[in-house]
Amino acid sequence: MEGAHLSSKQLLILLCLSVYGTIFITLPRSLTQTASHNGWIAIILAAVLFIPLLGMLERLGQAMGSQDFITFCLGLLGNVAGRLFTLLFVLTPLIVFSAATVRVFTELFVAIVLPETPLELPIIMLLALRFYLTSGGLSAIARWGEVVMPGIVVITLLLFGLSFSKVGLHRIEPFWNATVPETLKASLSALSAFAEMLMLLFLWPNIREKQRVFKVLLGGTGLLAIVFVLDFVVAVGTYGSAYTARLAFPMLEVIKDIELLHFIEHLESIFLSLWMFISLTKGSLTLYTVSVGFQHWFRLPSFRPLLVPLSIIIFFIAISPPNLYISIIEYEKFKGLYYAIYAYVLVGGLLALAKLRARGGSHGQTP
């Protein structure tokens, strides 16, 4: 395992880009479909609901100590049950998420830049980039995140600034027009995005300043909540809630309508480069966590021999959905309803088992 070298800043960048990676272009749609104009409230509520989960993640990391996450689970659940549990409920979802990120990005890339190109080719190209970056280890991914983050921030601020000229307050009003249950249901969709910080458990042994994790990621959660609210306000303020709910990628449509100096249009290529950086960072981090997870699952000395077979599996999962729009809708509905609950149950259950084990051990040592 690589030594502890991940700084607080690097951890913040990697996890924030992972959360922001794919959800920001579709979140306004999923929120308006469920809670209409209450979407901004659902985002704030989701950030508040994520705080207890973040605290649980930190406590579970402290219980892990210097162990990796898979070995920790095997120790808690036993060799056979632990392997089945981590394979079905930890590693497999990470592979599916990685494949979904690949498919969504490459589908848009083909539609915008290379409409006559077979979908398989850009998928292979993106997986090759992920493979190259991941083969350098966590330090390479962290340095890449630090390099591209300033550009991502500048481009994001530019796109937000230019898009606000078409935002109409009358399209956002009323600020509350959904029921409380609808708002709570929409908050689960946003909470599922924040819950992708579960990857923290795979990174825990490599974090240098473990005592600052909660404070750093709490600030990151607040920042992400602000950006998500801006996403929602821009999309709904431009198209209204009814039309936003029918768009597959609302933020992409917003960017297509941006004009600069009344003659520079079609800035989606700039957006695509922004998303390329984010997607590559998120995808490489996900591939790293899956590879390290299977490394410890198989008890191998290195994760690198697993990069090729895992990339092949991700490739075939990514090309399998025949209809992207329907697949995205169904995937987001399922993830929005269940992933946040899954995260709470997973972390809470493991934390409870760890406490019971520690209590049993202390009783066993008492004369």
# chains A, B, ... in the order shown; residues from 1 in each chain; ligands from 1

$ select_by_dssp --residues "segment 111-349 of chain A" --states "helix (DSSP H, G or I)" --output "number ranges by chain"
A: 111-112, 120-135, 138-166, 169-172, 180-206, 210-239, 241-244, 250-256, 268-298, 304-319, 324-349

$ residues_around --residues "Ala178 of chain A" --least-positions-apart "6" --cutoff "10 Å" --atoms "only C-alpha atoms" --output "PyMOL selection string"
chain A and resi 32+34-39

$ closest_residue --among "A:Ala248, A:Val19, A:Ala354, A:Leu88" --to "Phe194 of chain A" --atoms "only C-alpha atoms"
A:Val19

$ closest_residue --among "A:Val113, A:Ile329, A:Ala47, A:Leu217" --to "Leu247 of chain A" --atoms "only C-alpha atoms"
A:Ile329

$ closest_atom_pairs --of "segment 239-298 of chain A" --to "segment 153-172 of chain A" --cutoff "7 Å" --atoms "only C-alpha atoms" --output "tab-separated table"
residue	atom	partner	partner_atom	distance
A:Gly240	CA	A:Arg171	CA	4.9
A:Val254	CA	A:Ser163	CA	6.9
A:Ile255	CA	A:Ser163	CA	7.0
A:Ile258	CA	A:Ser163	CA	5.9
A:Leu274	CA	A:Ile155	CA	6.9

$ atom_distance --atom1 "atom CA of Gln33 of chain A" --atom2 "atom CA of Ala340 of chain A"
18.6 Å

$ closest_atom_pairs --of "segment 155-267 of chain A" --to "segment 277-288 of chain A" --cutoff "10 Å" --atoms "only C-alpha atoms" --output "tab-separated table"
residue	atom	partner	partner_atom	distance
A:Met199	CA	A:Thr286	CA	7.9
A:Phe202	CA	A:Tyr288	CA	9.2
A:Leu203	CA	A:Leu285	CA	9.7

$ write_last_selection --atoms "N, CA, C and O atoms" --output "PDB file, in the first residue's frame"
ATOM      1  N   MET A 199     -16.084   6.991  -0.942  1.00  0.00           N
ATOM      2  CA  MET A 199     -14.743   6.619  -1.380  1.00  0.00           C
ATOM      3  C   MET A 199     -13.673   7.029  -0.375  1.00  0.00           C
ATOM      4  O   MET A 199     -12.538   6.568  -0.436  1.00  0.00           O
ATOM      5  N   PHE A 202     -11.793   4.184   1.259  1.00  0.00           N
ATOM      6  CA  PHE A 202     -10.685   3.561   0.540  1.00  0.00           C
ATOM      7  C   PHE A 202      -9.420   4.418   0.611  1.00  0.00           C
ATOM      8  O   PHE A 202      -8.315   3.910   0.476  1.00  0.00           O
ATOM      9  N   LEU A 203      -9.610   5.718   0.804  1.00  0.00           N
ATOM     10  CA  LEU A 203      -8.470   6.632   0.841  1.00  0.00           C
ATOM     11  C   LEU A 203      -7.921   6.820   2.249  1.00  0.00           C
ATOM     12  O   LEU A 203      -6.827   7.367   2.418  1.00  0.00           O
TER      13      LEU A 203
END

$ closest_residue --among "A:Ala111, A:Val213, A:Leu307, A:Ala190" --to "Gln62 of chain A" --atoms "only C-alpha atoms"
A:Val213

$ closest_atom_pairs --of "segment 235-352 of chain A" --to "segment 219-231 of chain A" --cutoff "10 Å" --atoms "only C-alpha atoms" --output "tab-separated table"
residue	atom	partner	partner_atom	distance
A:Ala235	CA	A:Asp231	CA	6.2
A:Val236	CA	A:Asp231	CA	8.6
A:Gly237	CA	A:Asp231	CA	9.8
A:Pro250	CA	A:Asp231	CA	9.2
A:Met251	CA	A:Asp231	CA	7.3
A:Val254	CA	A:Asp231	CA	9.8

$ write_last_selection --atoms "all heavy atoms" --output "CSV table (one decimal), in the first residue's frame"
chain,number,residue,atom,x,y,z
A,235,ALA,N,-30.7,26.8,-14.3
A,235,ALA,CA,-31.5,26.0,-15.2
A,235,ALA,C,-33.0,26.4,-15.1
A,235,ALA,O,-33.6,26.6,-16.2
A,235,ALA,CB,-31.3,24.5,-14.9
A,236,VAL,N,-33.5,26.4,-13.9
A,236,VAL,CA,-35.0,26.8,-13.8
A,236,VAL,C,-35.2,28.2,-14.2
A,236,VAL,O,-36.2,28.5,-14.8
A,236,VAL,CB,-35.4,26.5,-12.3
A,236,VAL,CG1,-36.9,26.9,-12.1
A,236,VAL,CG2,-35.3,25.0,-12.0
A,237,GLY,N,-34.3,29.1,-13.8
A,237,GLY,CA,-34.4,30.5,-14.2
A,237,GLY,C,-34.4,30.8,-15.7
A,237,GLY,O,-34.9,31.8,-16.2
A,250,PRO,N,-30.0,19.4,-18.5
A,250,PRO,CA,-30.4,20.8,-18.5
A,250,PRO,C,-29.3,21.8,-18.6
A,250,PRO,O,-29.3,22.8,-19.3
A,250,PRO,CB,-31.1,20.9,-17.2
A,250,PRO,CG,-31.6,19.6,-16.8
A,250,PRO,CD,-30.6,18.7,-17.4
A,251,MET,N,-28.2,21.5,-17.9
A,251,MET,CA,-27.1,22.5,-17.9
A,251,MET,C,-26.4,22.5,-19.2
A,251,MET,O,-25.8,23.6,-19.6
A,251,MET,CB,-26.0,22.1,-16.8
A,251,MET,CG,-26.5,22.3,-15.4
A,251,MET,SD,-27.2,24.0,-15.1
A,251,MET,CE,-25.7,25.0,-15.4
A,254,VAL,N,-28.4,24.9,-21.2
A,254,VAL,CA,-28.1,26.3,-20.8
A,254,VAL,C,-26.9,26.8,-21.4
A,254,VAL,O,-26.8,28.0,-21.9
A,254,VAL,CB,-28.0,26.3,-19.2
A,254,VAL,CG1,-27.4,27.7,-18.8
A,254,VAL,CG2,-29.3,26.1,-18.5

$ residues_around --residues "Met64 of chain A" --least-positions-apart "4" --cutoff "10 Å" --atoms "only C-alpha atoms" --output "number ranges by chain"
A: 58-60, 68-69, 71-73, 201, 204-205, 351, 354

$ residues_around --residues "Ile341 of chain A" --least-positions-apart "2" --cutoff "12 Å" --atoms "only C-alpha atoms" --output "PyMOL selection string"
chain A and resi 49-50+53+185+187-189+191-192+195+334-339+343-349
